[in-house]
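K.L.:
Dropping the structure in here first, questions after.
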Amino acid sequence: MSQRDQIRKQLKADNIEFLLAQFVDIHGTAKVKMVPVEALDAMIDEGAGFAGAAVWGSGQGPHSHDMLARIDLDSYTPLPWMPNTARFAADLHVDGESYPFCPRTNLKRVLAEVRSAGYIFNVGMEPEHFLVTRAADGKIAPWDPDQVDQLAKPCYDFRSMAPAMGYLQELTSSLNALGWGVYQTDHEDANGQYEINFDYQDALTTADRVTFFKMATSQIAKQYGAIATHMAKPFPDQTGSGLHVHFHLADVESGEGIFEDSADSRGLGCSDTAYHFLGGVLHHARALCAVTSPTVNCYKRLKLGAGLTSNRSGFTWTPAFVSYGDNNRTQMIRTAGPGHFEDRTVSAGCNPYLALAAYVAAGMDGIAQKRDPGEPNLGNMYAKTLEEIRDAGTEILPQSLAEALDALEQDTVVRGALGVIADEFITLKRREWETYLGQVTDWEVDQYLTFF
């Protein structure tokens, strides 16, 4: 039986009546068209049509030919909150040709290069997010229906988490019914902040799932009177939301990981290939930030010195330095186990397709150039002074979107990983920065209105 026939049979068994052909814009925001299930063949062979100029970062104008989103049958995902509807992730085409401005298509291009080198890039991503409410005046607050989620250190707290258990259990059960392997859920470090962890997969599947996760949280949360937000830093005095990336390379033939080595002289259980990959990520870290932390707001999360002063819980849990270490959460990259790295800088607000394309390209450059990441940092980076950091030769992550974009413009490897999207990305993000600089904030009014 062909895959098309298998899907047709599954759609009937699942009582699916409507299909969503879904892709993402340059920001990673889900875009869809809904069609009746009878249009399955057309969605496979031709695709759903979109006017590209209506979508951010599409590389199109109002005169351009339609973008057609052709569905990927491997991405079949019934909607838990709307049982008669299923979503398929889609790749964009124009005039019958694969369209390079599609972030998903671009990731597939980069992963094909990784595969041709003999590797599979496996990734797990941890989507932290907030549940909030929004008042009529636009101000937001942590969703707290029982008025109990008010501790300065609410992480793992039962009483703070209890009101959200219905939401979290519904989300967990829904994702596990799809075979995602959700294995733990918790209240995070900020009031109204939660995290759900699910099994790692190849990078494309993980990016598809993170995109669907954002779709699912938005719809399930509203049933509980909340807004789910993946904004990096919605509250100035609370810990921000990351999309921590756990990663390793596997051999394309055997499927076995190649990052582990019990004879590691550094004592972290990692292979030379793992260290070279890591060396590439660290070498390109400042440019990577523009892609993995792509909004103005993301840099409120990566700020220097905020760890001990402005966060209610006492720490940001976010690194500001280009460093790696052992099982140490003050580093940009911690070694969570033999051959197992976690990058803690990646923002919840990133486009996972672009972020993973840039990330693996940086790591593969490290392998090609045999880049040495140096010895691991084993101390508390939060306790070090800026002078100590600089004396050690440790680089600082960009402290603004503009600074990160400067680094991206100079980095041919990371730019190359974005393909034709790079120039569009930089132009759009420069405009975002300039728009931000033109705003007058409440803080400025309070500070300066009668200051002189």
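Naming works like this for the structure tokens: A, B, ... for the chains as they're shown, residue 1 at the start of each chain, ligands 1 onward in shown order.
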Need to verify the contact set: Pro142 (chain A), 6 Å, only C-alpha atoms, exclusion of same-chain residues closer than 2 positions in sequence. Can you return it as a PDB file with N, CA and C atoms, in the first residue's frame?
P.N.:
ATOM      1  N   VAL A 132      -0.708  33.543  30.745  1.00  0.00           N
ATOM      2  CA  VAL A 132      -0.952  34.902  31.223  1.00  0.00           C
ATOM      3  C   VAL A 132      -2.403  35.279  30.989  1.00  0.00           C
ATOM      4  N   ASP A 144      -3.287  33.083  37.212  1.00  0.00           N
ATOM      5  CA  ASP A 144      -3.242  32.602  38.598  1.00  0.00           C
ATOM      6  C   ASP A 144      -4.655  32.588  39.164  1.00  0.00           C
ATOM      7  N   GLY A 192       3.594  31.564  36.734  1.00  0.00           N
ATOM      8  CA  GLY A 192       2.850  31.333  35.508  1.00  0.00           C
ATOM      9  C   GLY A 192       3.656  30.698  34.393  1.00  0.00           C
TER      10      GLY A 192
END
K.L.:
Show me, as a ChimeraX atom specification, the residues that have an atom within 7 Å of Val413 (chain A) when counting only C-alpha atoms, minus same-chain residues fewer than 2 positions from it.
P.N.:
/A:361-362,411,415-417
K.L.:
Write out as a ChimeraX atom specification which residues come within 7 Å of Ala290 (chain A) when counting only C-alpha atoms, dropping same-chain ones fewer than 5 positions away.
P.N.:
/A:401,404-405,408
K.L.:
What are the closest atom pairs, with distances in Å to one decimal, for each residue of region 407-444 of chain A lying within 9 Å of region 291-302 of chain A, using only C-alpha atoms, rows by chain and rising residue number, as CSV?
P.N.:
residue,atom,partner,partner_atom,distance
A:Leu408,CA,A:Val291,CA,8.4
A:Val414,CA,A:Val291,CA,8.8
A:Phe425,CA,A:Val291,CA,8.9
A:Lys429,CA,A:Thr295,CA,7.6
A:Glu432,CA,A:Val296,CA,7.4
A:Trp433,CA,A:Val296,CA,6.5
A:Tyr436,CA,A:Val296,CA,7.5
K.L.:
Go ahead and save the picked residues with N, CA and C atoms, as a compact mmCIF listing (two decimals), in the first residue's frame.
P.N.:
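Everything below was put into part.txt:
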# COMPACT_ATOMS: atom_id res chain seq x y z
N LEU A 408 26.09 38.47 12.76
CA LEU A 408 25.56 37.61 11.70
C LEU A 408 26.02 38.10 10.32
N VAL A 414 27.09 30.99 9.21
CA VAL A 414 25.72 31.10 9.70
C VAL A 414 24.82 31.72 8.63
N PHE A 425 16.06 38.15 6.30
CA PHE A 425 16.05 38.08 7.76
C PHE A 425 16.73 39.31 8.35
N LYS A 429 14.88 42.22 10.51
CA LYS A 429 15.26 42.37 11.92
C LYS A 429 15.89 43.74 12.19
N GLU A 432 12.99 45.88 12.70
CA GLU A 432 12.41 45.66 14.04
C GLU A 432 13.18 46.45 15.09
N TRP A 433 14.50 46.42 15.00
CA TRP A 433 15.33 47.14 15.96
C TRP A 433 15.09 48.65 15.87
N TYR A 436 11.81 49.58 17.37
CA TYR A 436 11.92 49.54 18.84
C TYR A 436 12.58 50.81 19.37
K.L.:
Please return, as a ChimeraX atom specification, all residues of region 97-188 of chain A that DSSP assigns to strand (DSSP E or B) on the basis of the backbone.
P.N.:
/A:97-98,119-134,140-142,182-187
K.L.:
Interatomic distance between CA of Met165 (chain A) and CA of Gly225 (chain A)?
P.N.:
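Distance between the two atoms: 13.7 Å.
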K.L.:
I'd like the neighbourhood of Tyr275 (chain A) as JSON, numbers by chain, where a residue qualifies if any of its atoms comes within 8 Å (using only C-alpha atoms), though same-chain residues fewer than 5 positions away should be ignored.
P.N.:
{"A": [270, 371, 372, 373]}
K.L.:
Find the residue from A:Tyr224, A:Phe23, A:Tyr324, A:Phe259 that sits nearest to His340 (chain A); use only C-alpha atoms when measuring.
P.N.:
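Looking only at the distances to His340 (chain A), the closest residue turns out to be A:Phe259.
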K.L.:
Skipping near chain neighbours, those fewer than 2 positions away, what residues fall within 12 Å of Leu243 (chain A) using only C-alpha atoms, listed as a count of residues only?
P.N.:
41
K.L.:
Tell me, which residues of region 284-348 of chain A carry DSSP alpha helix (DSSP H), written as a ChimeraX atom specification?
P.N.:
/A:285-292,298-301
K.L.:
With only C-alpha atoms as the atoms that count, which of A:Tyr156, A:Gln184, A:Ile426, A:Arg87 lies nearest to Gln169 (chain A)?
P.N.:
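Nearest to Gln169 (chain A): A:Gln184.
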K.L.:
Excluding Gly393 (chain A) and any residue of its chain fewer than 5 positions from it, enumerate the residues within 10 Å of it, using only C-alpha atoms, and give them as a PyMOL selection string.
P.N.:
chain A and resi 322+387-388
K.L.:
Can I get the selection written as a PDB file, in the first residue's frame, with C-alpha atoms?
P.N.:
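What landed in again14.pdb:
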ATOM      1  CA  VAL A 322      30.305  31.987  25.289  1.00  0.00           C
ATOM      2  CA  GLU A 387      36.815  41.746  34.630  1.00  0.00           C
ATOM      3  CA  GLU A 388      37.487  38.099  35.484  1.00  0.00           C
TER       4      GLU A 388
END
K.L.:
Which polymer residues have any atom within 9 Å of an atom of Gly59 (chain A), counting only C-alpha atoms, with same-chain residues fewer than 6 positions away left out, as a PyMOL selection string?
P.N.:
chain A and resi 52-53+101+420-421+424
K.L.:
Take the residues that were just selected and, keeping C-alpha atoms, output them as a JSON list (two decimals), in the first residue's frame.
P.N.:
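File out.json, as written:
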[["chain", "number", "residue", "atom", "x", "y", "z"],
["A", 52, "GLY", "CA", 3.39, 35.37, -0.43],
["A", 53, "ALA", "CA", 3.51, 39.15, 0.04],
["A", 101, "PHE", "CA", 12.51, 31.13, 1.18],
["A", 420, "VAL", "CA", 18.49, 33.14, 0.44],
["A", 421, "ILE", "CA", 16.56, 33.87, 3.65],
["A", 424, "GLU", "CA", 15.54, 39.07, 4.11]]
K.L.:
Could you check the closest approach to Asn380 (chain A) for each of A:Trp317, A:Met34, A:Arg431, A:Glu403 and tell me which residue wins, using only C-alpha atoms?
P.N.:
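For Asn380 (chain A), the nearest of the candidates is A:Trp317.
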K.L.:
Give the answer as one residue: which of A:His93, A:His63, A:Arg159, A:Arg70 has the shortest atom-to-atom distance to Leu19 (chain A), using only C-alpha atoms?
P.N.:
A:Arg70
